[in-house]
Amino acid sequence: MLDSEIEDQLILKVGGKLRLTSLMQKRLVELKRGARPLVEVENPRDLQDVVIHEILEDKIELADRAECQPNFMQDVRRLGKADEQGDDKEIYGSDLKRIKEARIKELSAFLNPTKDS
């Protein structure tokens, strides 16, 4: 549970409780999956402390929905290898899931480079 004063600062900085919740949840998932923290926190109780400091220090922000997926369906068709005759094929949920997973892996590799890369 957050201190009410810190919570108010976070809400003002992010632009609302729902946006704050969404940002914190997404960043916590990234950290649990192995992303590197963007700030150094002395004696963090948990990952939530790291996320709070990242928000307060303007290291992370919630992207607008339009910025996140402007050409998503074009990417789906390109990555999903639409018909070779140029016809658009029907896209199903499992295709979207596979393509999203591929994009997440690409982004993760970009954000968390290994020594081999």
# chains A, B, ... in the order shown; residues from 1 in each chain; ligands from 1

$ residues_around --residues "Leu111 in chain A" --least-positions-apart "5" --cutoff "9 Å" --atoms "only C-alpha atoms" --output "ChimeraX atom specification"
/A:35-36,106

$ residues_around --residues "range 19-28 of chain A" --least-positions-apart "5" --cutoff "10 Å" --atoms "only C-alpha atoms" --output "list in words"
Glu7, Leu10, Ile11, Leu12, Lys13, Val14, Arg33, Gly34, Ala35, Pro37, Leu47, Gln48, Val50, Val51, Ile52, Glu54, Ile55, Ile60, Glu61, Leu62 and Ala63 of chain A

$ atom_distance --atom1 "CA of Asp58 in chain A" --atom2 "CA of Leu38 in chain A"
10.1 Å

$ atom_distance --atom1 "CA of Ile6 in chain A" --atom2 "CA of His53 in chain A"
10.2 Å

$ atom_distance --atom1 "CA of Leu31 in chain A" --atom2 "CA of Pro44 in chain A"
13.4 Å
